[in-house]
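Novice: Have a look at the structure that comes next, please.
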Amino acid sequence: MSPDVLRAFPWIAAAVIALVFGLWRPRSLHWIVLGAVLLFAAFNAAAGIYVLSNFSDSRWSPDGEAPLSAPSLSETPLVGEFLVPLDSALEGVVGGVNDFRSFQQALPIALDFLATSGWALLVSFPLVILAAGLSFHTAQRRKADFRKYRATVDSLKEELEQIKRQISSGSVGAAGPSSGDGRH
């Protein structure tokens, strides 16, 4: 994956996830937006960690510089065989310098990903407050609606009980037609 694709991946993945879940659950859009921002932060942090764990990869080199190589001192005439241990020490030093250069080139890229992740986490704090406030408002509205429906049900139950008592006591008069003439 190239550095440009790696930079675009968190944006695309978070947008796709937000879009899919937004279409699936449109009523909880505030939680979906918060989840997408947190997912974006996690993807950026993962990309930064990936860059740091693979710092010797040539993709992080800005101009594709070739690594340094140590000259061979063992091929020196007359004293070459005595310089073989110095060759291995020199190879170790050059390897360390190459690792340091690779790390130095990968560090700004990794820090860019980690900084973007930090900004996303910073944005998520007000989103958490907003999502919690909206959920609290929705819960309060549902609770008030439930109380209203419960009061209506209790009122209807009371009316039903009154009708049952009237029917059982026989106090409801015969309201039907008394004779077939249709007068009341």
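How things are named: the first chain in the structure tokens is A, the next is B, and so on; residues count from 1 in each chain; ligands count from 1 in the order shown.
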Skip Pro10 (chain A) itself and residues of its chain fewer than 3 positions away, then list as a ChimeraX atom specification all residues within 8 Å of it, counting only C-alpha atoms.

Specialist: /A:6-7,13-14,40,43-44

Novice: I'd like the contact shell of region 106-109 of chain A - 9 Å cut-off, only C-alpha atoms, skipping same-chain residues fewer than 5 positions apart - returned as a list in words.

Specialist: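 The contact residues come out as Pro3, Gly48, Val51, Leu52, Asn54, Phe55, Ser56, Asp57, Arg59, Trp60, Ser61, Arg101 and Leu114 of chain A.
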
Novice: Please run DSSP on the backbone and report, as a compact mmCIF listing (two decimals) with N, CA, C and O atoms, in the first residue's frame, all residues within region 7-147 of chain A that come out as alpha helix (DSSP H).

Specialist:
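Result file is result-v5.txt:
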# COMPACT_ATOMS: atom_id res chain seq x y z
N ARG A 7 -2.84 7.07 3.46
CA ARG A 7 -3.42 8.31 4.00
C ARG A 7 -4.92 8.41 3.69
O ARG A 7 -5.69 8.94 4.48
N ALA A 8 -5.33 7.92 2.53
CA ALA A 8 -6.73 8.01 2.13
C ALA A 8 -7.60 6.94 2.79
O ALA A 8 -8.81 7.13 2.95
N PHE A 9 -7.01 5.81 3.16
CA PHE A 9 -7.78 4.69 3.70
C PHE A 9 -8.62 5.04 4.92
O PHE A 9 -9.81 4.70 4.95
N PRO A 10 -8.09 5.71 5.95
CA PRO A 10 -8.94 6.03 7.11
C PRO A 10 -10.14 6.90 6.75
O PRO A 10 -11.24 6.71 7.28
N TRP A 11 -9.95 7.85 5.85
CA TRP A 11 -11.05 8.73 5.43
C TRP A 11 -12.13 7.93 4.72
O TRP A 11 -13.32 8.06 5.02
N ILE A 12 -11.71 7.11 3.78
CA ILE A 12 -12.67 6.33 2.99
C ILE A 12 -13.39 5.31 3.87
O ILE A 12 -14.62 5.17 3.79
N ALA A 13 -12.63 4.61 4.70
CA ALA A 13 -13.24 3.58 5.55
C ALA A 13 -14.25 4.18 6.52
O ALA A 13 -15.36 3.66 6.68
N ALA A 14 -13.90 5.29 7.15
CA ALA A 14 -14.82 5.93 8.10
C ALA A 14 -16.07 6.45 7.38
O ALA A 14 -17.19 6.32 7.90
N ALA A 15 -15.90 7.01 6.20
CA ALA A 15 -17.05 7.53 5.44
C ALA A 15 -17.97 6.39 5.01
O ALA A 15 -19.20 6.51 5.10
N VAL A 16 -17.40 5.30 4.54
CA VAL A 16 -18.22 4.17 4.10
C VAL A 16 -18.97 3.56 5.28
O VAL A 16 -20.18 3.27 5.18
N ILE A 17 -18.29 3.38 6.39
CA ILE A 17 -18.94 2.82 7.59
C ILE A 17 -20.06 3.75 8.06
O ILE A 17 -21.16 3.29 8.38
N ALA A 18 -19.81 5.05 8.09
CA ALA A 18 -20.84 6.00 8.52
C ALA A 18 -22.03 5.97 7.57
O ALA A 18 -23.18 6.02 8.01
N LEU A 19 -21.77 5.89 6.28
CA LEU A 19 -22.84 5.86 5.30
C LEU A 19 -23.68 4.59 5.42
O LEU A 19 -24.91 4.65 5.44
N VAL A 20 -23.02 3.46 5.53
CA VAL A 20 -23.74 2.18 5.64
C VAL A 20 -24.59 2.14 6.90
O VAL A 20 -25.79 1.81 6.86
N PHE A 21 -23.98 2.46 8.03
CA PHE A 21 -24.75 2.42 9.27
C PHE A 21 -25.77 3.55 9.34
O PHE A 21 -26.80 3.40 9.99
N GLY A 22 -25.49 4.67 8.68
CA GLY A 22 -26.46 5.77 8.64
C GLY A 22 -27.71 5.38 7.87
O GLY A 22 -28.82 5.78 8.24
N LEU A 23 -27.54 4.62 6.80
CA LEU A 23 -28.70 4.14 6.05
C LEU A 23 -29.42 3.02 6.79
O LEU A 23 -30.63 2.86 6.68
N TRP A 24 -28.66 2.24 7.56
CA TRP A 24 -29.24 1.11 8.28
C TRP A 24 -29.99 1.57 9.52
O TRP A 24 -31.07 1.09 9.83
N LEU A 29 -28.28 8.51 14.26
CA LEU A 29 -27.25 9.11 13.43
C LEU A 29 -26.14 9.76 14.27
O LEU A 29 -24.97 9.72 13.90
N HIS A 30 -26.51 10.35 15.41
CA HIS A 30 -25.49 11.01 16.25
C HIS A 30 -24.48 10.00 16.78
O HIS A 30 -23.29 10.29 16.86
N TRP A 31 -24.93 8.80 17.13
CA TRP A 31 -24.00 7.76 17.60
C TRP A 31 -23.17 7.21 16.44
O TRP A 31 -22.01 6.85 16.61
N ILE A 32 -23.75 7.17 15.26
CA ILE A 32 -23.02 6.68 14.09
C ILE A 32 -21.90 7.65 13.72
O ILE A 32 -20.78 7.23 13.40
N VAL A 33 -22.18 8.94 13.79
CA VAL A 33 -21.14 9.94 13.50
C VAL A 33 -20.01 9.84 14.52
O VAL A 33 -18.83 9.86 14.16
N LEU A 34 -20.37 9.69 15.78
CA LEU A 34 -19.35 9.53 16.81
C LEU A 34 -18.53 8.27 16.57
O LEU A 34 -17.29 8.30 16.66
N GLY A 35 -19.18 7.18 16.24
CA GLY A 35 -18.46 5.94 15.95
C GLY A 35 -17.54 6.07 14.75
O GLY A 35 -16.43 5.53 14.75
N ALA A 36 -17.98 6.79 13.73
CA ALA A 36 -17.14 6.99 12.54
C ALA A 36 -15.91 7.82 12.88
O ALA A 36 -14.80 7.53 12.40
N VAL A 37 -16.07 8.83 13.72
CA VAL A 37 -14.92 9.66 14.12
C VAL A 37 -13.93 8.83 14.94
O VAL A 37 -12.72 8.90 14.74
N LEU A 38 -14.45 8.01 15.85
CA LEU A 38 -13.57 7.16 16.65
C LEU A 38 -12.89 6.09 15.79
O LEU A 38 -11.71 5.76 16.01
N LEU A 39 -13.61 5.57 14.82
CA LEU A 39 -13.02 4.60 13.90
C LEU A 39 -11.93 5.26 13.06
O LEU A 39 -10.86 4.67 12.83
N PHE A 40 -12.18 6.49 12.63
CA PHE A 40 -11.17 7.24 11.89
C PHE A 40 -9.92 7.44 12.74
O PHE A 40 -8.80 7.26 12.25
N ALA A 41 -10.10 7.76 14.01
CA ALA A 41 -8.95 7.93 14.92
C ALA A 41 -8.20 6.61 15.08
O ALA A 41 -6.96 6.59 15.07
N ALA A 42 -8.94 5.52 15.21
CA ALA A 42 -8.29 4.21 15.38
C ALA A 42 -7.52 3.81 14.12
O ALA A 42 -6.40 3.29 14.21
N PHE A 43 -8.10 4.05 12.94
CA PHE A 43 -7.41 3.71 11.70
C PHE A 43 -6.14 4.54 11.53
O PHE A 43 -5.11 4.03 11.08
N ASN A 44 -6.20 5.81 11.88
CA ASN A 44 -5.00 6.65 11.77
C ASN A 44 -3.93 6.22 12.76
O ASN A 44 -2.75 6.20 12.43
N ALA A 45 -4.34 5.87 13.98
CA ALA A 45 -3.36 5.39 14.96
C ALA A 45 -2.74 4.08 14.48
O ALA A 45 -1.52 3.88 14.61
N ALA A 46 -3.56 3.20 13.93
CA ALA A 46 -3.04 1.93 13.41
C ALA A 46 -2.07 2.17 12.25
O ALA A 46 -1.04 1.49 12.14
N ALA A 47 -2.38 3.13 11.39
CA ALA A 47 -1.48 3.44 10.28
C ALA A 47 -0.15 4.00 10.80
O ALA A 47 0.92 3.65 10.29
N GLY A 48 -0.21 4.85 11.82
CA GLY A 48 1.02 5.38 12.41
C GLY A 48 1.87 4.29 13.04
O GLY A 48 3.10 4.26 12.88
N ILE A 49 1.21 3.37 13.73
CA ILE A 49 1.93 2.25 14.34
C ILE A 49 2.51 1.34 13.25
O ILE A 49 3.63 0.84 13.37
N TYR A 50 1.75 1.15 12.18
CA TYR A 50 2.25 0.34 11.05
C TYR A 50 3.51 0.96 10.45
O TYR A 50 4.48 0.26 10.17
N VAL A 51 3.49 2.27 10.26
CA VAL A 51 4.66 2.94 9.68
C VAL A 51 5.85 2.79 10.61
O VAL A 51 6.97 2.48 10.17
N LEU A 52 5.64 2.95 11.91
CA LEU A 52 6.76 2.83 12.85
C LEU A 52 7.27 1.40 12.96
O LEU A 52 8.46 1.17 13.16
N SER A 53 6.38 0.43 12.84
CA SER A 53 6.84 -0.96 12.95
C SER A 53 7.52 -1.43 11.67
O SER A 53 8.26 -2.40 11.68
N VAL A 84 39.51 -8.07 8.57
CA VAL A 84 38.22 -8.76 8.47
C VAL A 84 37.34 -8.44 9.69
O VAL A 84 36.15 -8.15 9.53
N PRO A 85 37.86 -8.47 10.95
CA PRO A 85 36.98 -8.10 12.07
C PRO A 85 36.50 -6.65 12.00
O PRO A 85 35.39 -6.33 12.40
N LEU A 86 37.32 -5.79 11.43
CA LEU A 86 36.92 -4.39 11.28
C LEU A 86 35.81 -4.26 10.24
O LEU A 86 34.93 -3.40 10.37
N ASP A 87 35.81 -5.13 9.23
CA ASP A 87 34.73 -5.14 8.23
C ASP A 87 33.38 -5.41 8.89
O ASP A 87 32.40 -4.73 8.61
N SER A 88 33.33 -6.43 9.74
CA SER A 88 32.05 -6.76 10.38
C SER A 88 31.60 -5.65 11.33
O SER A 88 30.40 -5.34 11.42
N ALA A 89 32.53 -5.01 12.01
CA ALA A 89 32.16 -3.89 12.89
C ALA A 89 31.66 -2.71 12.06
O ALA A 89 30.67 -2.05 12.42
N LEU A 90 32.31 -2.46 10.94
CA LEU A 90 31.90 -1.37 10.07
C LEU A 90 30.52 -1.65 9.46
O LEU A 90 29.70 -0.75 9.34
N GLU A 91 30.28 -2.91 9.09
CA GLU A 91 28.96 -3.30 8.58
C GLU A 91 27.88 -3.04 9.64
O GLU A 91 26.78 -2.57 9.33
N GLY A 92 28.18 -3.35 10.90
CA GLY A 92 27.22 -3.11 11.99
C GLY A 92 26.94 -1.63 12.18
O GLY A 92 25.78 -1.23 12.38
N VAL A 93 27.96 -0.81 12.10
CA VAL A 93 27.79 0.64 12.25
C VAL A 93 26.96 1.19 11.10
O VAL A 93 26.03 1.98 11.30
N VAL A 94 27.27 0.77 9.88
CA VAL A 94 26.54 1.26 8.71
C VAL A 94 25.09 0.77 8.77
O VAL A 94 24.16 1.52 8.43
N GLY A 95 24.87 -0.46 9.22
CA GLY A 95 23.50 -0.96 9.39
C GLY A 95 22.73 -0.13 10.40
O GLY A 95 21.55 0.19 10.18
N GLY A 96 23.38 0.24 11.50
CA GLY A 96 22.74 1.09 12.50
C GLY A 96 22.41 2.47 11.94
O GLY A 96 21.35 3.03 12.21
N VAL A 97 23.33 3.01 11.15
CA VAL A 97 23.09 4.32 10.54
C VAL A 97 21.93 4.23 9.54
O VAL A 97 21.07 5.12 9.48
N ASN A 98 21.88 3.15 8.77
CA ASN A 98 20.77 2.96 7.83
C ASN A 98 19.43 2.84 8.57
O ASN A 98 18.43 3.41 8.14
N ASP A 99 19.43 2.09 9.67
CA ASP A 99 18.20 1.98 10.47
C ASP A 99 17.79 3.33 11.02
O ASP A 99 16.60 3.68 11.02
N PHE A 100 18.76 4.10 11.50
CA PHE A 100 18.46 5.42 12.03
C PHE A 100 17.90 6.33 10.94
O PHE A 100 16.92 7.05 11.16
N ARG A 101 18.50 6.30 9.76
CA ARG A 101 18.00 7.12 8.64
C ARG A 101 16.58 6.69 8.25
O ARG A 101 15.73 7.54 7.97
N SER A 102 16.35 5.39 8.22
CA SER A 102 15.01 4.89 7.87
C SER A 102 13.99 5.34 8.91
O SER A 102 12.89 5.78 8.57
N PHE A 103 14.37 5.23 10.17
CA PHE A 103 13.47 5.67 11.25
C PHE A 103 13.24 7.17 11.16
O PHE A 103 12.11 7.65 11.32
N GLN A 104 14.29 7.92 10.86
CA GLN A 104 14.19 9.37 10.74
C GLN A 104 13.27 9.76 9.59
O GLN A 104 12.53 10.75 9.68
N GLN A 105 13.24 8.99 8.52
CA GLN A 105 12.38 9.29 7.39
C GLN A 105 10.94 8.85 7.64
O GLN A 105 9.99 9.46 7.15
N ALA A 106 10.76 7.77 8.41
CA ALA A 106 9.40 7.26 8.68
C ALA A 106 8.72 8.02 9.81
O ALA A 106 7.48 8.07 9.86
N LEU A 107 9.49 8.60 10.70
CA LEU A 107 8.91 9.27 11.87
C LEU A 107 7.95 10.41 11.51
O LEU A 107 6.85 10.47 12.07
N PRO A 108 8.27 11.32 10.59
CA PRO A 108 7.29 12.38 10.27
C PRO A 108 5.98 11.83 9.71
O PRO A 108 4.90 12.36 9.99
N ILE A 109 6.06 10.78 8.93
CA ILE A 109 4.84 10.19 8.37
C ILE A 109 4.00 9.57 9.48
O ILE A 109 2.78 9.77 9.55
N ALA A 110 4.66 8.83 10.37
CA ALA A 110 3.94 8.22 11.50
C ALA A 110 3.36 9.29 12.42
O ALA A 110 2.22 9.16 12.87
N LEU A 111 4.10 10.34 12.67
CA LEU A 111 3.60 11.42 13.53
C LEU A 111 2.42 12.15 12.88
O LEU A 111 1.52 12.61 13.58
N ASP A 112 2.42 12.23 11.56
CA ASP A 112 1.29 12.82 10.86
C ASP A 112 0.03 12.00 11.10
O ASP A 112 -1.04 12.55 11.39
N PHE A 113 0.15 10.67 10.98
CA PHE A 113 -1.00 9.80 11.26
C PHE A 113 -1.44 9.91 12.72
O PHE A 113 -2.63 9.99 13.02
N LEU A 114 -0.49 9.91 13.64
CA LEU A 114 -0.83 9.98 15.05
C LEU A 114 -1.43 11.33 15.42
O LEU A 114 -2.33 11.41 16.25
N ALA A 115 -0.95 12.41 14.79
CA ALA A 115 -1.53 13.73 15.05
C ALA A 115 -2.96 13.80 14.52
O ALA A 115 -3.85 14.36 15.18
N THR A 116 -3.20 13.23 13.36
CA THR A 116 -4.57 13.20 12.82
C THR A 116 -5.48 12.40 13.73
O THR A 116 -6.63 12.78 13.97
N SER A 117 -4.96 11.31 14.26
CA SER A 117 -5.73 10.51 15.22
C SER A 117 -6.05 11.32 16.48
O SER A 117 -7.17 11.28 17.00
N GLY A 118 -5.08 12.08 16.94
CA GLY A 118 -5.29 12.93 18.12
C GLY A 118 -6.34 13.99 17.86
O GLY A 118 -7.18 14.27 18.72
N TRP A 119 -6.30 14.61 16.69
CA TRP A 119 -7.32 15.61 16.35
C TRP A 119 -8.70 14.99 16.28
O TRP A 119 -9.70 15.59 16.71
N ALA A 120 -8.77 13.78 15.74
CA ALA A 120 -10.08 13.10 15.67
C ALA A 120 -10.60 12.80 17.07
O ALA A 120 -11.79 12.94 17.34
N LEU A 121 -9.71 12.41 17.97
CA LEU A 121 -10.14 12.17 19.36
C LEU A 121 -10.57 13.47 20.02
O LEU A 121 -11.52 13.48 20.81
N LEU A 122 -9.91 14.56 19.69
CA LEU A 122 -10.29 15.85 20.24
C LEU A 122 -11.68 16.26 19.74
O LEU A 122 -12.49 16.79 20.49
N VAL A 123 -11.96 15.99 18.48
CA VAL A 123 -13.27 16.29 17.92
C VAL A 123 -14.34 15.39 18.54
O VAL A 123 -15.50 15.79 18.67
N SER A 124 -13.96 14.20 18.94
CA SER A 124 -14.95 13.25 19.47
C SER A 124 -15.49 13.68 20.83
O SER A 124 -16.62 13.29 21.18
N PHE A 125 -14.75 14.47 21.60
CA PHE A 125 -15.26 14.87 22.92
C PHE A 125 -16.55 15.69 22.82
O PHE A 125 -17.53 15.37 23.49
N PRO A 126 -16.61 16.75 22.01
CA PRO A 126 -17.90 17.45 21.89
C PRO A 126 -18.98 16.57 21.26
O PRO A 126 -20.16 16.70 21.59
N LEU A 127 -18.57 15.65 20.37
CA LEU A 127 -19.55 14.75 19.78
C LEU A 127 -20.15 13.81 20.82
O LEU A 127 -21.33 13.48 20.74
N VAL A 128 -19.34 13.38 21.78
CA VAL A 128 -19.85 12.53 22.87
C VAL A 128 -20.89 13.30 23.68
O VAL A 128 -21.97 12.77 24.00
N ILE A 129 -20.58 14.55 23.99
CA ILE A 129 -21.51 15.37 24.77
C ILE A 129 -22.80 15.59 23.98
O ILE A 129 -23.90 15.47 24.52
N LEU A 130 -22.66 15.90 22.69
CA LEU A 130 -23.83 16.11 21.84
C LEU A 130 -24.67 14.84 21.73
O LEU A 130 -25.90 14.88 21.88
N ALA A 131 -24.04 13.70 21.49
CA ALA A 131 -24.77 12.44 21.34
C ALA A 131 -25.45 12.05 22.65
O ALA A 131 -26.60 11.60 22.65
N ALA A 132 -24.77 12.24 23.77
CA ALA A 132 -25.39 11.93 25.06
C ALA A 132 -26.57 12.86 25.34
O ALA A 132 -27.61 12.42 25.84
N GLY A 133 -26.42 14.13 25.01
CA GLY A 133 -27.53 15.08 25.19
C GLY A 133 -28.73 14.74 24.34
O GLY A 133 -29.88 14.77 24.80
N LEU A 134 -28.48 14.39 23.07
CA LEU A 134 -29.59 14.00 22.20
C LEU A 134 -30.26 12.71 22.68
O LEU A 134 -31.48 12.59 22.64
N SER A 135 -29.46 11.76 23.14
CA SER A 135 -30.04 10.52 23.66
C SER A 135 -30.84 10.78 24.92
O SER A 135 -31.91 10.18 25.12
N PHE A 136 -30.35 11.66 25.78
CA PHE A 136 -31.08 12.00 27.00
C PHE A 136 -32.41 12.67 26.65
O PHE A 136 -33.45 12.34 27.23
N HIS A 137 -32.37 13.59 25.69
CA HIS A 137 -33.60 14.28 25.26
C HIS A 137 -34.59 13.28 24.68
O HIS A 137 -35.79 13.35 24.98
N THR A 138 -34.11 12.37 23.87
CA THR A 138 -34.98 11.35 23.27
C THR A 138 -35.57 10.46 24.35
O THR A 138 -36.77 10.12 24.31
N ALA A 139 -34.77 10.07 25.32
CA ALA A 139 -35.27 9.22 26.41
C ALA A 139 -36.31 9.96 27.25
O ALA A 139 -37.33 9.37 27.65
N GLN A 140 -36.09 11.25 27.50
CA GLN A 140 -37.06 12.04 28.27
C GLN A 140 -38.37 12.16 27.49
O GLN A 140 -39.46 12.07 28.06
N ARG A 141 -38.28 12.38 26.18
CA ARG A 141 -39.48 12.47 25.36
C ARG A 141 -40.24 11.14 25.35
O ARG A 141 -41.46 11.11 25.48
N ARG A 142 -39.52 10.04 25.23
CA ARG A 142 -40.17 8.73 25.26
C ARG A 142 -40.82 8.45 26.61
O ARG A 142 -41.90 7.88 26.68
N LYS A 143 -40.15 8.87 27.67
CA LYS A 143 -40.70 8.67 29.01
C LYS A 143 -41.98 9.49 29.18
O LYS A 143 -42.96 9.01 29.74
N ALA A 144 -41.98 10.74 28.69
CA ALA A 144 -43.19 11.58 28.78
C ALA A 144 -44.31 10.98 27.94
O ALA A 144 -45.48 10.97 28.38
N ASP A 145 -44.00 10.49 26.75
CA ASP A 145 -45.01 9.84 25.92
C ASP A 145 -45.56 8.60 26.61
O ASP A 145 -46.78 8.35 26.58
N PHE A 146 -44.69 7.83 27.24
CA PHE A 146 -45.14 6.64 27.95
C PHE A 146 -46.07 7.01 29.11
O PHE A 146 -47.09 6.36 29.33
N ARG A 147 -45.70 8.07 29.85
CA ARG A 147 -46.57 8.50 30.96
C ARG A 147 -47.93 8.94 30.43
O ARG A 147 -48.97 8.66 31.03
